[in-house]
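Trainee: Please find one structure pasted underneath; my questions will follow.
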Amino acid sequence: MPRRLPAAFVRATLVLTTTATLSAAFTGPGHAADQPDGKLTPQVRAVGDYPDPIRAVRLKSLTDSQASLNAQFTDLAKYGRFTDYFSSPDFGDHVALLPTGKVLLFSFERITDNPQQEPAPTQTIGKENAGRAYLWDPSLGTGLNAFKAVPPPVVDLPDGLNEPRPAPIFCAGHAYLPNGMVAVFGGNFGGNNGSGAKFVLVFDPWHEKWLSQQDMSVGRWYPSVVETAQGREVVMSGQSELGWGTPTPVIEQFPVNSAEVPYGKDYTEGNPNEAWTKSDAPFRMDYPHLFSLNDGKIYAFGRDADQQFVFDPKTQARTSLPNRPDGGMREYGSAVAMPNGTKGPNSVMILGGNKDDPSTYLFSGGRWTKGTSRAFGRTMDDTLILPDSTLITLNGSYGIRNYGFGDYNPNSILKYRQVEMRDASGKWTLGPAERLPRGYHSNAVLLPDGRIMVTGDELQELANNPDIKNRAVNGTIEIYEPSYLFKGPRPELTKVPDTPIGYGHYFPVSTTSTGITKAVLVAPITSTHSVDTSQRILELPITNTGRNQLLLKSPETAEDAPPGYYMLFLLDAKGVPSIAKWVQLDPQA
């Protein structure tokens, strides 16, 4: 029955009436949002249509509440600020920052405009189960002309219908190849509450096209992928082609050991992958957090507390790690490979994934310790490492598809829209709020200019889209400017090597600025479902300074920083970063 929101939350959410909650069959076992039903149940149909006028009212209410809250965060050098908010042709459920400076966004063709229903065609068989992808070029601004469609290859899934459509690569896993290309594994086969496709696709940012590779041996829906020090992608977990409840333990890697990993800007189609033969990954839940740390091993942190492992990609050995001390199962939540000076990361912070637990958990030296807590617990959050080595959490929600007032109710408690920042001492501080609540399928990306791009959460994007009938407008992007952009003039980085850099090598960079105190490499982000396996930061020793020039030293080994493209920032004593330039680490250079 319709109800009025509690008065205490009137300022925090829209005062809207809601309908009955969705059926248990719609939410599924342990996955409130992972069990959509393309053939809607009577309970779901009873939700009815979502009135278009409400979308404009909602967006105004969120805009007003954002402005009201953020008026108290006037010290921009402490809190930063949200600025641009603009339309996108894609939801941005999957994102990847490319070494061209453009951002790849991909998701699915929606099957409903109603934010109280599941818009993804997870349960759909046939041509409606289709993927889409776009490039956003920040240099072209925020209009729709800054976006370019780059649809996935057309495939004919073996679903018995013979209905070719752009590959449904949503719900896939992805990571970077050493040549800056994005390798995507798995996707949505359709039906049975989440069935895995066997796709392997590579997006080539240099020619802006997709390259089809040989299929994996097993389908994967919600897998995780990480690049090793050898430059190969290792794929774990994901529901198989049999559907929900059949997570695959098979580990696969790409390219195969007998093939060279790609470093150049040209790559071919049809390359194979191979399964590991000496161990498997017995995750019960999908999208584990994977990190390649500076001992060259893959640390795999499962959503279940008792499923924490370490894998040696050279021997394929698997070893169990101590249980995560919080117990239970996380509803996603983020994880970060922590800064470690000039060395590669040797510890990981696990945070979020539980609305009732604000704690942070650090895994280091083979054991867990409890870190400084955030202000409150949140699920589906995105935590980034910034160029000054501080952390910031953006996005998050009460539950998977619950923003504080029940499943599939787009009304949200205001606090989940606030950023939270961690300083060098480990203290967390709440900051300004973003426009939209962004929980499930939200993403945050550090851009080369030091700003942060926020996107994703198609339910909120649909609920707050006044132009819903325009099929060219689906999602939104919001920009956050971190506090370091308000602490003084920015250093200038004018030139970096235009050829690959080897490990342990000295290389010059040009600058017109004095007072440079630090140089850092920051890995680009490719993420979905709060999982980003590439994120890391390393300081580079500054060994000599000359007129308008610095001499830097690259990381010692590929274990410290896997081969590929990184953003190079120069920072001054206040922690103000330059605009980054891209450099490529290549062991053959």
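If you're wondering about the labels, chains in the structure tokens are A, B, ... by order shown, residues count from 1 in each chain, ligands from 1 in order shown.
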If you run DSSP on this backbone, which residues of segment 230-271 of chain A come out as strand (DSSP E), and could you give them as an MDAnalysis selection string?

Mentor: chainID A and resid 233:236 252:254

Trainee: What would the file look like if the residues just selected were written as a PDB file, in the first residue's frame with all heavy atoms?

Mentor:
```pdb
ATOM      1  N   GLU A 233      46.469 -12.494 -18.441  1.00  0.00           N
ATOM      2  CA  GLU A 233      45.245 -12.287 -17.666  1.00  0.00           C
ATOM      3  C   GLU A 233      44.801 -13.617 -17.084  1.00  0.00           C
ATOM      4  O   GLU A 233      44.709 -14.621 -17.800  1.00  0.00           O
ATOM      5  CB  GLU A 233      44.134 -11.736 -18.560  1.00  0.00           C
ATOM      6  CG  GLU A 233      44.553 -10.573 -19.442  1.00  0.00           C
ATOM      7  CD  GLU A 233      45.197  -9.448 -18.676  1.00  0.00           C
ATOM      8  OE1 GLU A 233      44.576  -8.965 -17.712  1.00  0.00           O
ATOM      9  OE2 GLU A 233      46.323  -9.058 -19.029  1.00  0.00           O
ATOM     10  N   VAL A 234      44.524 -13.624 -15.789  1.00  0.00           N
ATOM     11  CA  VAL A 234      44.035 -14.824 -15.113  1.00  0.00           C
ATOM     12  C   VAL A 234      42.584 -14.592 -14.712  1.00  0.00           C
ATOM     13  O   VAL A 234      42.256 -13.569 -14.101  1.00  0.00           O
ATOM     14  CB  VAL A 234      44.899 -15.158 -13.883  1.00  0.00           C
ATOM     15  CG1 VAL A 234      44.294 -16.318 -13.100  1.00  0.00           C
ATOM     16  CG2 VAL A 234      46.328 -15.510 -14.327  1.00  0.00           C
ATOM     17  N   VAL A 235      41.713 -15.539 -15.084  1.00  0.00           N
ATOM     18  CA  VAL A 235      40.265 -15.413 -14.908  1.00  0.00           C
ATOM     19  C   VAL A 235      39.789 -16.446 -13.897  1.00  0.00           C
ATOM     20  O   VAL A 235      40.124 -17.636 -14.007  1.00  0.00           O
ATOM     21  CB  VAL A 235      39.523 -15.623 -16.242  1.00  0.00           C
ATOM     22  CG1 VAL A 235      38.061 -15.229 -16.106  1.00  0.00           C
ATOM     23  CG2 VAL A 235      40.189 -14.848 -17.361  1.00  0.00           C
ATOM     24  N   MET A 236      39.005 -15.990 -12.921  1.00  0.00           N
ATOM     25  CA  MET A 236      38.470 -16.892 -11.902  1.00  0.00           C
ATOM     26  C   MET A 236      36.992 -16.616 -11.675  1.00  0.00           C
ATOM     27  O   MET A 236      36.515 -15.503 -11.864  1.00  0.00           O
ATOM     28  CB  MET A 236      39.202 -16.708 -10.568  1.00  0.00           C
ATOM     29  CG  MET A 236      40.680 -17.015 -10.588  1.00  0.00           C
ATOM     30  SD  MET A 236      41.382 -16.888  -8.909  1.00  0.00           S
ATOM     31  CE  MET A 236      43.138 -16.934  -9.307  1.00  0.00           C
ATOM     32  N   GLU A 252      41.325 -19.900 -15.905  1.00  0.00           N
ATOM     33  CA  GLU A 252      41.837 -19.804 -17.273  1.00  0.00           C
ATOM     34  C   GLU A 252      42.724 -18.576 -17.406  1.00  0.00           C
ATOM     35  O   GLU A 252      42.623 -17.630 -16.611  1.00  0.00           O
ATOM     36  CB  GLU A 252      40.675 -19.746 -18.272  1.00  0.00           C
ATOM     37  CG  GLU A 252      39.830 -21.017 -18.263  1.00  0.00           C
ATOM     38  CD  GLU A 252      38.716 -21.013 -19.283  1.00  0.00           C
ATOM     39  OE1 GLU A 252      39.011 -21.163 -20.483  1.00  0.00           O
ATOM     40  OE2 GLU A 252      37.557 -20.865 -18.878  1.00  0.00           O
ATOM     41  N   GLN A 253      43.617 -18.611 -18.377  1.00  0.00           N
ATOM     42  CA  GLN A 253      44.493 -17.465 -18.597  1.00  0.00           C
ATOM     43  C   GLN A 253      44.590 -17.154 -20.083  1.00  0.00           C
ATOM     44  O   GLN A 253      44.376 -18.010 -20.941  1.00  0.00           O
ATOM     45  CB  GLN A 253      45.878 -17.708 -18.011  1.00  0.00           C
ATOM     46  CG  GLN A 253      46.734 -18.704 -18.747  1.00  0.00           C
ATOM     47  CD  GLN A 253      48.130 -18.811 -18.134  1.00  0.00           C
ATOM     48  OE1 GLN A 253      48.307 -18.671 -16.937  1.00  0.00           O
ATOM     49  NE2 GLN A 253      49.121 -19.061 -18.972  1.00  0.00           N
ATOM     50  N   PHE A 254      44.906 -15.883 -20.339  1.00  0.00           N
ATOM     51  CA  PHE A 254      44.993 -15.377 -21.706  1.00  0.00           C
ATOM     52  C   PHE A 254      46.110 -14.348 -21.754  1.00  0.00           C
ATOM     53  O   PHE A 254      46.190 -13.477 -20.871  1.00  0.00           O
ATOM     54  CB  PHE A 254      43.663 -14.748 -22.109  1.00  0.00           C
ATOM     55  CG  PHE A 254      43.655 -14.115 -23.476  1.00  0.00           C
ATOM     56  CD1 PHE A 254      43.376 -14.874 -24.600  1.00  0.00           C
ATOM     57  CD2 PHE A 254      43.920 -12.762 -23.641  1.00  0.00           C
ATOM     58  CE1 PHE A 254      43.357 -14.289 -25.863  1.00  0.00           C
ATOM     59  CE2 PHE A 254      43.906 -12.176 -24.887  1.00  0.00           C
ATOM     60  CZ  PHE A 254      43.627 -12.940 -26.007  1.00  0.00           C
TER      61      PHE A 254
END
```

Trainee: Please tabulate, as a tab-separated table, the residues of segment 505-548 of chain A that come within 9 Å of segment 281-288 of chain A, each with its closest pair of atoms and the distance in Å to one decimal, counting only C-alpha atoms and ordering rows by chain, then residue number upward.

Mentor:
```
residue	atom	partner	partner_atom	distance
A:His529	CA	A:Tyr287	CA	7.7
A:Ser530	CA	A:Tyr287	CA	9.0
A:Val531	CA	A:Tyr287	CA	7.1
```

Trainee: Return as a tab-separated table the residues of segment 218-299 of chain A lying at most 9 Å from segment 554-578 of chain A, together with the closest atom-to-atom pair for each and the distance in Å to one decimal, counting only C-alpha atoms, with rows in chain order and ascending residue number.

Mentor:
```
residue	atom	partner	partner_atom	distance
A:Glu227	CA	A:Pro562	CA	7.0
A:Thr228	CA	A:Pro562	CA	6.2
A:Ala229	CA	A:Pro562	CA	4.6
A:Gln230	CA	A:Pro562	CA	7.2
A:Gly231	CA	A:Pro563	CA	5.9
A:Tyr263	CA	A:Gly564	CA	7.7
A:Ser292	CA	A:Glu559	CA	7.6
A:Leu293	CA	A:Glu559	CA	6.7
A:Asn294	CA	A:Glu559	CA	4.7
A:Asp295	CA	A:Glu559	CA	6.2
A:Gly296	CA	A:Glu559	CA	4.9
A:Lys297	CA	A:Glu559	CA	8.4
```

Trainee: Restricted to all heavy atoms, what would the selected residues look like written as a PDB file, in the first residue's frame?

Mentor:
```
ATOM      1  N   GLU A 227      45.715  -9.035 -14.123  1.00  0.00           N
ATOM      2  CA  GLU A 227      46.947  -9.181 -14.899  1.00  0.00           C
ATOM      3  C   GLU A 227      48.083  -9.578 -13.965  1.00  0.00           C
ATOM      4  O   GLU A 227      48.253  -8.999 -12.892  1.00  0.00           O
ATOM      5  CB  GLU A 227      47.303  -7.880 -15.614  1.00  0.00           C
ATOM      6  CG  GLU A 227      48.565  -8.018 -16.477  1.00  0.00           C
ATOM      7  CD  GLU A 227      49.138  -6.698 -16.945  1.00  0.00           C
ATOM      8  OE1 GLU A 227      48.538  -5.646 -16.662  1.00  0.00           O
ATOM      9  OE2 GLU A 227      50.215  -6.718 -17.587  1.00  0.00           O
ATOM     10  N   THR A 228      48.871 -10.551 -14.385  1.00  0.00           N
ATOM     11  CA  THR A 228      50.017 -10.987 -13.605  1.00  0.00           C
ATOM     12  C   THR A 228      51.265 -10.212 -14.020  1.00  0.00           C
ATOM     13  O   THR A 228      51.269  -9.455 -14.995  1.00  0.00           O
ATOM     14  CB  THR A 228      50.275 -12.483 -13.818  1.00  0.00           C
ATOM     15  OG1 THR A 228      50.702 -12.692 -15.183  1.00  0.00           O
ATOM     16  CG2 THR A 228      49.028 -13.300 -13.546  1.00  0.00           C
ATOM     17  N   ALA A 229      52.353 -10.452 -13.274  1.00  0.00           N
ATOM     18  CA  ALA A 229      53.633  -9.823 -13.602  1.00  0.00           C
ATOM     19  C   ALA A 229      54.139 -10.270 -14.962  1.00  0.00           C
ATOM     20  O   ALA A 229      54.966  -9.581 -15.584  1.00  0.00           O
ATOM     21  CB  ALA A 229      54.666 -10.143 -12.525  1.00  0.00           C
ATOM     22  N   GLN A 230      53.664 -11.409 -15.445  1.00  0.00           N
ATOM     23  CA  GLN A 230      54.060 -11.913 -16.759  1.00  0.00           C
ATOM     24  C   GLN A 230      53.245 -11.283 -17.883  1.00  0.00           C
ATOM     25  O   GLN A 230      53.485 -11.569 -19.059  1.00  0.00           O
ATOM     26  CB  GLN A 230      53.911 -13.445 -16.806  1.00  0.00           C
ATOM     27  CG  GLN A 230      54.862 -14.203 -15.902  1.00  0.00           C
ATOM     28  CD  GLN A 230      54.474 -14.131 -14.439  1.00  0.00           C
ATOM     29  OE1 GLN A 230      53.293 -14.219 -14.103  1.00  0.00           O
ATOM     30  NE2 GLN A 230      55.458 -13.956 -13.565  1.00  0.00           N
ATOM     31  N   GLY A 231      52.269 -10.456 -17.540  1.00  0.00           N
ATOM     32  CA  GLY A 231      51.459  -9.789 -18.555  1.00  0.00           C
ATOM     33  C   GLY A 231      50.305 -10.614 -19.060  1.00  0.00           C
ATOM     34  O   GLY A 231      49.663 -10.239 -20.051  1.00  0.00           O
ATOM     35  N   TYR A 263      52.530  -6.228 -26.673  1.00  0.00           N
ATOM     36  CA  TYR A 263      53.018  -4.932 -26.204  1.00  0.00           C
ATOM     37  C   TYR A 263      52.758  -3.818 -27.219  1.00  0.00           C
ATOM     38  O   TYR A 263      52.689  -2.657 -26.845  1.00  0.00           O
ATOM     39  CB  TYR A 263      54.524  -5.004 -25.902  1.00  0.00           C
ATOM     40  CG  TYR A 263      54.848  -5.849 -24.698  1.00  0.00           C
ATOM     41  CD1 TYR A 263      55.317  -7.150 -24.839  1.00  0.00           C
ATOM     42  CD2 TYR A 263      54.656  -5.356 -23.415  1.00  0.00           C
ATOM     43  CE1 TYR A 263      55.603  -7.930 -23.730  1.00  0.00           C
ATOM     44  CE2 TYR A 263      54.941  -6.124 -22.297  1.00  0.00           C
ATOM     45  CZ  TYR A 263      55.415  -7.417 -22.461  1.00  0.00           C
ATOM     46  OH  TYR A 263      55.689  -8.187 -21.363  1.00  0.00           O
ATOM     47  N   SER A 292      47.461  -8.740  -7.918  1.00  0.00           N
ATOM     48  CA  SER A 292      48.814  -9.238  -8.141  1.00  0.00           C
ATOM     49  C   SER A 292      49.752  -8.366  -7.300  1.00  0.00           C
ATOM     50  O   SER A 292      50.013  -7.210  -7.649  1.00  0.00           O
ATOM     51  CB  SER A 292      49.167  -9.141  -9.631  1.00  0.00           C
ATOM     52  OG  SER A 292      50.459  -9.628  -9.868  1.00  0.00           O
ATOM     53  N   LEU A 293      50.253  -8.911  -6.188  1.00  0.00           N
ATOM     54  CA  LEU A 293      51.081  -8.139  -5.272  1.00  0.00           C
ATOM     55  C   LEU A 293      52.562  -8.295  -5.612  1.00  0.00           C
ATOM     56  O   LEU A 293      52.927  -9.007  -6.551  1.00  0.00           O
ATOM     57  CB  LEU A 293      50.786  -8.536  -3.829  1.00  0.00           C
ATOM     58  CG  LEU A 293      49.336  -8.287  -3.366  1.00  0.00           C
ATOM     59  CD1 LEU A 293      49.188  -8.555  -1.867  1.00  0.00           C
ATOM     60  CD2 LEU A 293      48.867  -6.886  -3.716  1.00  0.00           C
ATOM     61  N   ASN A 294      53.420  -7.639  -4.833  1.00  0.00           N
ATOM     62  CA  ASN A 294      54.819  -7.516  -5.254  1.00  0.00           C
ATOM     63  C   ASN A 294      55.672  -8.755  -5.025  1.00  0.00           C
ATOM     64  O   ASN A 294      56.870  -8.735  -5.293  1.00  0.00           O
ATOM     65  CB  ASN A 294      55.479  -6.281  -4.623  1.00  0.00           C
ATOM     66  CG  ASN A 294      55.677  -6.412  -3.124  1.00  0.00           C
ATOM     67  OD1 ASN A 294      55.296  -7.404  -2.505  1.00  0.00           O
ATOM     68  ND2 ASN A 294      56.265  -5.385  -2.532  1.00  0.00           N
ATOM     69  N   ASP A 295      55.064  -9.845  -4.561  1.00  0.00           N
ATOM     70  CA  ASP A 295      55.766 -11.129  -4.567  1.00  0.00           C
ATOM     71  C   ASP A 295      55.427 -11.932  -5.817  1.00  0.00           C
ATOM     72  O   ASP A 295      55.860 -13.085  -5.961  1.00  0.00           O
ATOM     73  CB  ASP A 295      55.455 -11.937  -3.303  1.00  0.00           C
ATOM     74  CG  ASP A 295      53.972 -12.242  -3.141  1.00  0.00           C
ATOM     75  OD1 ASP A 295      53.166 -11.856  -4.018  1.00  0.00           O
ATOM     76  OD2 ASP A 295      53.607 -12.864  -2.124  1.00  0.00           O
ATOM     77  N   GLY A 296      54.645 -11.325  -6.726  1.00  0.00           N
ATOM     78  CA  GLY A 296      54.295 -11.982  -7.980  1.00  0.00           C
ATOM     79  C   GLY A 296      53.118 -12.929  -7.880  1.00  0.00           C
ATOM     80  O   GLY A 296      52.726 -13.527  -8.885  1.00  0.00           O
ATOM     81  N   LYS A 297      52.531 -13.062  -6.708  1.00  0.00           N
ATOM     82  CA  LYS A 297      51.414 -13.980  -6.527  1.00  0.00           C
ATOM     83  C   LYS A 297      50.079 -13.246  -6.602  1.00  0.00           C
ATOM     84  O   LYS A 297      50.015 -12.027  -6.405  1.00  0.00           O
ATOM     85  CB  LYS A 297      51.560 -14.714  -5.193  1.00  0.00           C
ATOM     86  CG  LYS A 297      52.813 -15.598  -5.126  1.00  0.00           C
ATOM     87  CD  LYS A 297      52.940 -16.298  -3.781  1.00  0.00           C
ATOM     88  CE  LYS A 297      54.209 -17.156  -3.736  1.00  0.00           C
ATOM     89  NZ  LYS A 297      54.368 -17.812  -2.427  1.00  0.00           N
TER      90      LYS A 297
END
```

Trainee: Considering only C-alpha atoms, can you say which of A:Asn129, A:Thr100, A:Thr63, A:Gln535 comes closest to Gly344 of chain A?

Mentor: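 Distance minimum relative to Gly344 of chain A lands on A:Gln535.
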
Trainee: Would you list the contacts of segment 214-218 of chain A as a ChimeraX atom specification, taking every protein, DNA or RNA residue within 6 Å and counting only C-alpha atoms, but skipping same-chain residues closer than 6 positions in sequence?

Mentor: /A:198-200,270-272

Trainee: Take the residues from that selection and put them in a file with N, CA, C and O atoms, as a PDB file, in the first residue's frame.

Mentor:
```pdb
ATOM      1  N   LYS A 198      30.723 -17.520 -22.892  1.00  0.00           N
ATOM      2  CA  LYS A 198      32.124 -17.931 -22.992  1.00  0.00           C
ATOM      3  C   LYS A 198      32.991 -16.902 -23.720  1.00  0.00           C
ATOM      4  O   LYS A 198      34.151 -17.177 -24.021  1.00  0.00           O
ATOM      5  N   PHE A 199      32.460 -15.711 -23.963  1.00  0.00           N
ATOM      6  CA  PHE A 199      33.174 -14.722 -24.765  1.00  0.00           C
ATOM      7  C   PHE A 199      34.559 -14.379 -24.218  1.00  0.00           C
ATOM      8  O   PHE A 199      34.762 -14.286 -23.013  1.00  0.00           O
ATOM      9  N   VAL A 200      35.477 -14.142 -25.159  1.00  0.00           N
ATOM     10  CA  VAL A 200      36.710 -13.407 -24.872  1.00  0.00           C
ATOM     11  C   VAL A 200      36.813 -12.334 -25.958  1.00  0.00           C
ATOM     12  O   VAL A 200      36.929 -12.652 -27.145  1.00  0.00           O
ATOM     13  N   GLY A 270      41.217 -14.183 -32.708  1.00  0.00           N
ATOM     14  CA  GLY A 270      41.265 -15.634 -32.687  1.00  0.00           C
ATOM     15  C   GLY A 270      42.319 -16.259 -31.801  1.00  0.00           C
ATOM     16  O   GLY A 270      42.615 -17.450 -31.924  1.00  0.00           O
ATOM     17  N   ASN A 271      42.895 -15.484 -30.875  1.00  0.00           N
ATOM     18  CA  ASN A 271      43.906 -16.058 -29.987  1.00  0.00           C
ATOM     19  C   ASN A 271      43.259 -16.936 -28.918  1.00  0.00           C
ATOM     20  O   ASN A 271      42.198 -16.607 -28.385  1.00  0.00           O
ATOM     21  N   PRO A 272      43.909 -18.058 -28.561  1.00  0.00           N
ATOM     22  CA  PRO A 272      43.317 -18.980 -27.589  1.00  0.00           C
ATOM     23  C   PRO A 272      43.650 -18.600 -26.148  1.00  0.00           C
ATOM     24  O   PRO A 272      44.546 -17.808 -25.876  1.00  0.00           O
TER      25      PRO A 272
END
```

Trainee: If DSSP is run on the backbone, what residues of segment 217-426 of chain A are helix (DSSP H, G or I)? A reply as an mmCIF file with N, CA and C atoms, in the first residue's frame would be ideal.

Mentor:
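Produced file selection29.cif, reproduced below:
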```cif
data_model
loop_
_atom_site.group_PDB
_atom_site.id
_atom_site.type_symbol
_atom_site.label_atom_id
_atom_site.label_comp_id
_atom_site.auth_asym_id
_atom_site.auth_seq_id
_atom_site.Cartn_x
_atom_site.Cartn_y
_atom_site.Cartn_z
ATOM 1 N N LEU A 414 20.213 9.950 2.416
ATOM 2 C CA LEU A 414 21.171 10.909 1.876
ATOM 3 C C LEU A 414 22.621 10.527 2.132
ATOM 4 N N LYS A 415 22.915 9.944 3.285
ATOM 5 C CA LYS A 415 24.314 9.716 3.648
ATOM 6 C C LYS A 415 25.048 8.837 2.642
ATOM 7 N N TYR A 416 24.338 7.945 1.963
ATOM 8 C CA TYR A 416 25.014 7.067 1.008
ATOM 9 C C TYR A 416 25.515 7.820 -0.220
ATOM 10 N N ARG A 417 25.077 9.052 -0.376
ATOM 11 C CA ARG A 417 25.551 9.862 -1.502
ATOM 12 C C ARG A 417 26.817 10.646 -1.158
#
```
